[in-house]
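**Student:** Could you have a look at this structure, given as structure tokens, before my questions?
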Amino acid sequence: MFPCYLWLTPSACIPLIQQVTLYRVIPWRFTSRLWGQVNDKNLPERLRQPLLGLYVWLFGCDVTEALVEDLTYYKNLQEFFKRQLKPEVRPIDQQHALVSPCDGKVLHYGEVKHCMLEQVKGVTYCLKTFLGPNNWYSDDSEDTNPSFAVDKITDEEYLESLNIKEGNKLFNCIIYLAPGDYHRFHSPTSWSAAHRRHFPGELFSVNPGIAAWIKGLFNLNERVVITGQWQCGFFSMAAVGATNVGSINIYFDKELNTNVKGAYADGAFHDKSLRKVNPESKSPEKMGISLDKGAGIGEFNLGSTIVLIFEAPEDFRFNIEQGEKVKFGERLGSM
């Protein structure tokens, strides 16, 4: 019924590189698909209260916040994962430019320097590998790309390609969703989403302990990156898959299909333009999907991670602390 989590800690008896290699050969994608099938199995009504109640107790879920508190209402575990909340329990902060897109724990936040980001303190991953080539506004970016082109340009050239405005800097924030957290994620600000990129990949655990153990973890895992523009310029929001996350669902992208069977080439990704011509406008210019602050974007089937990467004025300030538990709609940063 419940997911099995592997809590690994480095051992003095086994070299770290061998521990990581051992962890990586475990078929996490297969086990995650299997767990997804278990999620979908309908429970007899008489068992819903005790079994879902056990999950609530194990992971500290606050059922009083759910739109429907009666556990017998949820036919299976997946329905409970994706439960809606009462609107009044997550008010959207209107005083800050950026709010939390989800419930979770802040793993890291700050300025992006030297084209590198931190997944946890002291453990980094590469920006250009995480986002991939900057062809988000190309109308021919619908096909599967067999490999990255970012290795052909320098970090400085990649940063220049983002067209960061004078006086602005690039910032990032990582929020980890635990199994007991609310599993939907929302728009952290008002912005226009122009492009979706899906990277097939591994499904390693994104638990902070594992994130501190495997360098470049977020570049190895399956992820869906949505890019566009907000009031300050470039904006991106990425949903990173993890162990036992059967799928990542994006509400406005029904074509997206994650954690599928079969091999994938290293560096492969699938692009989709979200820009369309507005039939009510006389202009032929294509526009992205307009997302209001707090609007629903998608959901995980189990806890995972949201990564925000965006440009903002130099005086942008985060209003959070590393390790802080935040809830959807609460302040993240202001200018």
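Note on naming: chains are A, B, ... as they come in the structure tokens, residues start from 1 per chain, ligands start from 1 in the order shown.
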Near Gly216 (chain A), within 8 Å and counting only C-alpha atoms, which residues show up once chain neighbours fewer than 2 positions away are dropped, as a PDB file with all heavy atoms, in the first residue's frame?

**Tutor:**
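Contents of out_30.pdb, as written:
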ATOM      1  N   GLN A 119      21.616  22.458  -5.283  1.00  0.00           N
ATOM      2  CA  GLN A 119      20.419  21.664  -4.994  1.00  0.00           C
ATOM      3  C   GLN A 119      20.212  21.566  -3.480  1.00  0.00           C
ATOM      4  O   GLN A 119      19.089  21.538  -2.989  1.00  0.00           O
ATOM      5  CB  GLN A 119      20.505  20.288  -5.633  1.00  0.00           C
ATOM      6  CG  GLN A 119      21.728  19.470  -5.271  1.00  0.00           C
ATOM      7  CD  GLN A 119      21.934  18.305  -6.222  1.00  0.00           C
ATOM      8  OE1 GLN A 119      21.705  18.414  -7.435  1.00  0.00           O
ATOM      9  NE2 GLN A 119      22.344  17.164  -5.689  1.00  0.00           N
ATOM     10  N   VAL A 123      26.235  21.481  -2.772  1.00  0.00           N
ATOM     11  CA  VAL A 123      26.110  20.473  -3.837  1.00  0.00           C
ATOM     12  C   VAL A 123      25.429  21.128  -5.033  1.00  0.00           C
ATOM     13  O   VAL A 123      24.300  21.615  -4.918  1.00  0.00           O
ATOM     14  CB  VAL A 123      25.299  19.247  -3.366  1.00  0.00           C
ATOM     15  CG1 VAL A 123      25.224  18.198  -4.471  1.00  0.00           C
ATOM     16  CG2 VAL A 123      25.901  18.657  -2.098  1.00  0.00           C
ATOM     17  N   THR A 124      26.103  21.158  -6.169  1.00  0.00           N
ATOM     18  CA  THR A 124      25.651  21.971  -7.301  1.00  0.00           C
ATOM     19  C   THR A 124      25.171  21.151  -8.489  1.00  0.00           C
ATOM     20  O   THR A 124      25.391  19.946  -8.573  1.00  0.00           O
ATOM     21  CB  THR A 124      26.798  22.885  -7.771  1.00  0.00           C
ATOM     22  OG1 THR A 124      27.909  22.066  -8.184  1.00  0.00           O
ATOM     23  CG2 THR A 124      27.241  23.828  -6.667  1.00  0.00           C
ATOM     24  N   TYR A 125      24.510  21.863  -9.419  1.00  0.00           N
ATOM     25  CA  TYR A 125      24.159  21.316 -10.723  1.00  0.00           C
ATOM     26  C   TYR A 125      24.202  22.445 -11.735  1.00  0.00           C
ATOM     27  O   TYR A 125      24.142  23.630 -11.377  1.00  0.00           O
ATOM     28  CB  TYR A 125      22.808  20.606 -10.709  1.00  0.00           C
ATOM     29  CG  TYR A 125      21.606  21.460 -10.354  1.00  0.00           C
ATOM     30  CD1 TYR A 125      20.685  21.849 -11.327  1.00  0.00           C
ATOM     31  CD2 TYR A 125      21.368  21.870  -9.043  1.00  0.00           C
ATOM     32  CE1 TYR A 125      19.571  22.606 -11.000  1.00  0.00           C
ATOM     33  CE2 TYR A 125      20.255  22.623  -8.715  1.00  0.00           C
ATOM     34  CZ  TYR A 125      19.365  22.983  -9.689  1.00  0.00           C
ATOM     35  OH  TYR A 125      18.261  23.746  -9.372  1.00  0.00           O
ATOM     36  N   CYS A 126      24.326  22.090 -13.013  1.00  0.00           N
ATOM     37  CA  CYS A 126      24.584  23.059 -14.075  1.00  0.00           C
ATOM     38  C   CYS A 126      23.283  23.636 -14.633  1.00  0.00           C
ATOM     39  O   CYS A 126      22.373  22.886 -14.997  1.00  0.00           O
ATOM     40  CB  CYS A 126      25.387  22.389 -15.182  1.00  0.00           C
ATOM     41  SG  CYS A 126      25.713  23.460 -16.599  1.00  0.00           S
ATOM     42  N   ILE A 214      24.170  13.028  -4.133  1.00  0.00           N
ATOM     43  CA  ILE A 214      24.395  12.842  -5.567  1.00  0.00           C
ATOM     44  C   ILE A 214      24.475  14.200  -6.250  1.00  0.00           C
ATOM     45  O   ILE A 214      23.470  14.911  -6.394  1.00  0.00           O
ATOM     46  CB  ILE A 214      23.271  12.007  -6.210  1.00  0.00           C
ATOM     47  CG1 ILE A 214      23.176  10.630  -5.544  1.00  0.00           C
ATOM     48  CG2 ILE A 214      23.514  11.856  -7.709  1.00  0.00           C
ATOM     49  CD1 ILE A 214      22.080   9.750  -6.098  1.00  0.00           C
ATOM     50  N   PHE A 218      19.339  16.864  -9.935  1.00  0.00           N
ATOM     51  CA  PHE A 218      18.198  17.425 -10.662  1.00  0.00           C
ATOM     52  C   PHE A 218      18.412  17.384 -12.172  1.00  0.00           C
ATOM     53  O   PHE A 218      17.454  17.441 -12.946  1.00  0.00           O
ATOM     54  CB  PHE A 218      17.926  18.863 -10.211  1.00  0.00           C
ATOM     55  CG  PHE A 218      17.445  18.960  -8.788  1.00  0.00           C
ATOM     56  CD1 PHE A 218      17.614  20.118  -8.055  1.00  0.00           C
ATOM     57  CD2 PHE A 218      16.837  17.880  -8.172  1.00  0.00           C
ATOM     58  CE1 PHE A 218      17.176  20.208  -6.739  1.00  0.00           C
ATOM     59  CE2 PHE A 218      16.400  17.953  -6.858  1.00  0.00           C
ATOM     60  CZ  PHE A 218      16.566  19.125  -6.132  1.00  0.00           C
ATOM     61  N   ASN A 219      19.658  17.279 -12.616  1.00  0.00           N
ATOM     62  CA  ASN A 219      19.926  17.139 -14.050  1.00  0.00           C
ATOM     63  C   ASN A 219      19.798  15.695 -14.512  1.00  0.00           C
ATOM     64  O   ASN A 219      19.696  15.427 -15.706  1.00  0.00           O
ATOM     65  CB  ASN A 219      21.328  17.649 -14.381  1.00  0.00           C
ATOM     66  CG  ASN A 219      21.405  19.161 -14.361  1.00  0.00           C
ATOM     67  OD1 ASN A 219      20.387  19.837 -14.367  1.00  0.00           O
ATOM     68  ND2 ASN A 219      22.611  19.700 -14.312  1.00  0.00           N
ATOM     69  N   LEU A 220      19.814  14.754 -13.580  1.00  0.00           N
ATOM     70  CA  LEU A 220      19.669  13.340 -13.916  1.00  0.00           C
ATOM     71  C   LEU A 220      18.200  12.923 -13.943  1.00  0.00           C
ATOM     72  O   LEU A 220      17.814  12.060 -14.725  1.00  0.00           O
ATOM     73  CB  LEU A 220      20.417  12.476 -12.896  1.00  0.00           C
ATOM     74  CG  LEU A 220      21.938  12.665 -12.801  1.00  0.00           C
ATOM     75  CD1 LEU A 220      22.491  11.863 -11.626  1.00  0.00           C
ATOM     76  CD2 LEU A 220      22.619  12.250 -14.090  1.00  0.00           C
TER      77      LEU A 220
END

**Student:** Env of Asn249 (chain A): 7 Å cut, atoms = only C-alpha atoms, seq-sep filter 4 positions within chain, self excluded. Answer as a list of chain:residue names.

**Tutor:**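 Here the qualifying residues turn out to be A:Gly298, A:Glu299, A:Phe300.
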
**Student:** Export, as an mmCIF file, in the first residue's frame, the selected residues with all heavy atoms.

**Tutor:**
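The new file result_36.cif reads:
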data_model
loop_
_atom_site.group_PDB
_atom_site.id
_atom_site.type_symbol
_atom_site.label_atom_id
_atom_site.label_comp_id
_atom_site.auth_asym_id
_atom_site.auth_seq_id
_atom_site.Cartn_x
_atom_site.Cartn_y
_atom_site.Cartn_z
ATOM 1 N N GLY A 298 -0.336 22.096 -12.074
ATOM 2 C CA GLY A 298 -0.207 20.653 -12.217
ATOM 3 C C GLY A 298 -0.171 19.948 -10.879
ATOM 4 O O GLY A 298 -0.478 20.525 -9.833
ATOM 5 N N GLU A 299 0.247 18.681 -10.931
ATOM 6 C CA GLU A 299 0.246 17.862 -9.713
ATOM 7 C C GLU A 299 1.237 16.719 -9.847
ATOM 8 O O GLU A 299 1.551 16.253 -10.957
ATOM 9 C CB GLU A 299 -1.156 17.307 -9.455
ATOM 10 C CG GLU A 299 -1.665 16.436 -10.574
ATOM 11 C CD GLU A 299 -3.166 16.220 -10.540
ATOM 12 O OE1 GLU A 299 -3.908 17.077 -10.020
ATOM 13 O OE2 GLU A 299 -3.600 15.180 -11.071
ATOM 14 N N PHE A 300 1.752 16.283 -8.708
ATOM 15 C CA PHE A 300 2.571 15.074 -8.612
ATOM 16 C C PHE A 300 1.705 13.954 -8.048
ATOM 17 O O PHE A 300 0.747 14.204 -7.328
ATOM 18 C CB PHE A 300 3.749 15.294 -7.656
ATOM 19 C CG PHE A 300 4.768 16.297 -8.117
ATOM 20 C CD1 PHE A 300 4.919 17.508 -7.455
ATOM 21 C CD2 PHE A 300 5.600 16.026 -9.181
ATOM 22 C CE1 PHE A 300 5.870 18.432 -7.844
ATOM 23 C CE2 PHE A 300 6.565 16.940 -9.591
ATOM 24 C CZ PHE A 300 6.697 18.142 -8.918
#

**Student:** DSSP on the backbone, then: every residue of region 78-327 of chain A marked alpha helix (DSSP H), written as a list in words.

**Tutor:** Gln78, Glu79, Phe80, Phe81, Leu127, Lys128, Thr129, Phe130, Leu131, Asp155, Glu156, Glu157, Tyr158, Leu159, Glu160, Ser161, Pro208, Gly209, Ile210, Ala211, Leu217, Phe218, Asn219 and Leu220 of chain A

**Student:** Could you please determine the separation between CA of Val63 (chain A) and CA of Ala295 (chain A) in Å, to one decimal place?

**Tutor:** 22.0 Å

**Student:** Quick one, how far is CA of Gly201 (chain A) from CA of Asn76 (chain A)?

**Tutor:** 27.0 Å

**Student:** List as a count of residues only the protein and nucleic acid residues near Ser190 (chain A), meaning an atom at most 8 Å away when only C-alpha atoms are counted, but skip any in the same chain fewer than 2 places from it.

**Tutor:** 9

**Student:** How many Å lie between CA of Val240 (chain A) and CA of Leu127 (chain A), rounded to one decimal?

**Tutor:**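 So the two atoms, CA of Val240 (chain A) and CA of Leu127 (chain A), lie 14.2 Å apart.
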
**Student:** Hey, which bits of region 35-93 of chain A sit within 12 Å of region 100-114 of chain A, and for each residue what's the closest pair of atoms and how far apart in Å (one decimal), counting only C-alpha atoms, rows by chain and increasing number, as JSON lines?

**Tutor:**
{"residue": "A:Cys61", "atom": "CA", "partner": "A:Asp103", "partner_atom": "CA", "distance": 11.5}
{"residue": "A:Asp62", "atom": "CA", "partner": "A:Asp103", "partner_atom": "CA", "distance": 11.9}
{"residue": "A:Leu85", "atom": "CA", "partner": "A:Asp103", "partner_atom": "CA", "distance": 11.6}
{"residue": "A:Val89", "atom": "CA", "partner": "A:Asp103", "partner_atom": "CA", "distance": 11.8}
{"residue": "A:Arg90", "atom": "CA", "partner": "A:Asp103", "partner_atom": "CA", "distance": 9.8}
{"residue": "A:Pro91", "atom": "CA", "partner": "A:Ser100", "partner_atom": "CA", "distance": 11.2}
{"residue": "A:Ile92", "atom": "CA", "partner": "A:Ser100", "partner_atom": "CA", "distance": 9.1}
{"residue": "A:Asp93", "atom": "CA", "partner": "A:Ser100", "partner_atom": "CA", "distance": 9.3}

**Student:** Write out, as a tab-separated table (two decimals), in the first residue's frame, the residues just selected, with all heavy atoms.

**Tutor:**
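The resulting selection-v5.tsv:
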chain	number	residue	atom	x	y	z
A	61	CYS	N	-0.45	14.13	7.37
A	61	CYS	CA	-1.34	14.91	6.51
A	61	CYS	C	-2.41	15.60	7.36
A	61	CYS	O	-2.95	15.00	8.29
A	61	CYS	CB	-2.03	14.01	5.48
A	61	CYS	SG	-0.90	13.00	4.50
A	62	ASP	N	-2.72	16.84	7.03
A	62	ASP	CA	-3.78	17.58	7.72
A	62	ASP	C	-5.07	17.46	6.91
A	62	ASP	O	-5.32	18.24	5.99
A	62	ASP	CB	-3.38	19.05	7.89
A	62	ASP	CG	-4.36	19.83	8.76
A	62	ASP	OD1	-5.43	19.27	9.10
A	62	ASP	OD2	-4.07	20.99	9.10
A	85	LEU	N	-7.87	21.43	-1.73
A	85	LEU	CA	-7.95	22.06	-0.42
A	85	LEU	C	-9.09	23.07	-0.38
A	85	LEU	O	-9.54	23.59	-1.41
A	85	LEU	CB	-6.64	22.78	-0.09
A	85	LEU	CG	-5.37	21.93	-0.02
A	85	LEU	CD1	-4.20	22.80	0.40
A	85	LEU	CD2	-5.53	20.76	0.92
A	89	VAL	N	-7.98	27.98	3.23
A	89	VAL	CA	-6.80	27.54	3.99
A	89	VAL	C	-5.50	27.93	3.31
A	89	VAL	O	-4.42	27.79	3.90
A	89	VAL	CB	-6.83	26.02	4.25
A	89	VAL	CG1	-8.09	25.63	5.00
A	89	VAL	CG2	-6.67	25.22	2.97
A	90	ARG	N	-5.55	28.40	2.06
A	90	ARG	CA	-4.36	28.85	1.35
A	90	ARG	C	-4.62	30.21	0.69
A	90	ARG	O	-4.67	30.32	-0.54
A	90	ARG	CB	-3.93	27.82	0.29
A	90	ARG	CG	-3.46	26.49	0.82
A	90	ARG	CD	-2.14	26.60	1.57
A	90	ARG	NE	-1.69	25.27	1.95
A	90	ARG	CZ	-2.07	24.63	3.03
A	90	ARG	NH1	-2.95	25.21	3.86
A	90	ARG	NH2	-1.59	23.43	3.33
A	91	PRO	N	-4.74	31.28	1.48
A	91	PRO	CA	-4.90	32.60	0.88
A	91	PRO	C	-3.64	32.99	0.10
A	91	PRO	O	-2.53	32.64	0.50
A	91	PRO	CB	-5.12	33.51	2.09
A	91	PRO	CG	-4.46	32.77	3.23
A	91	PRO	CD	-4.68	31.32	2.95
A	92	ILE	N	-3.81	33.69	-1.00
A	92	ILE	CA	-2.68	34.10	-1.85
A	92	ILE	C	-2.18	35.46	-1.39
A	92	ILE	O	-2.91	36.44	-1.38
A	92	ILE	CB	-3.10	34.17	-3.33
A	92	ILE	CG1	-3.79	32.88	-3.77
A	92	ILE	CG2	-1.87	34.44	-4.20
A	92	ILE	CD1	-2.94	31.65	-3.63
A	93	ASP	N	-0.92	35.53	-1.00
A	93	ASP	CA	-0.31	36.79	-0.57
A	93	ASP	C	-0.22	37.74	-1.76
A	93	ASP	O	0.44	37.45	-2.75
A	93	ASP	CB	1.08	36.51	-0.01
A	93	ASP	CG	1.74	37.72	0.63
A	93	ASP	OD1	1.69	38.81	0.02
A	93	ASP	OD2	2.30	37.59	1.73

**Student:** So which residues touch Ser236 (chain A) within 9 Å, counting only C-alpha atoms, skipping near sequence neighbours fewer than 4 positions away, as number ranges by chain?

**Tutor:** A: 131, 193, 225-229, 307-310

**Student:** Pick out the closest residue to Glu321 (chain A) from this set: A:Ala194, A:Ile210, A:Cys173, A:Ile153. Count only C-alpha atoms.

**Tutor:**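 For Glu321 (chain A), the nearest of the candidates is A:Cys173.
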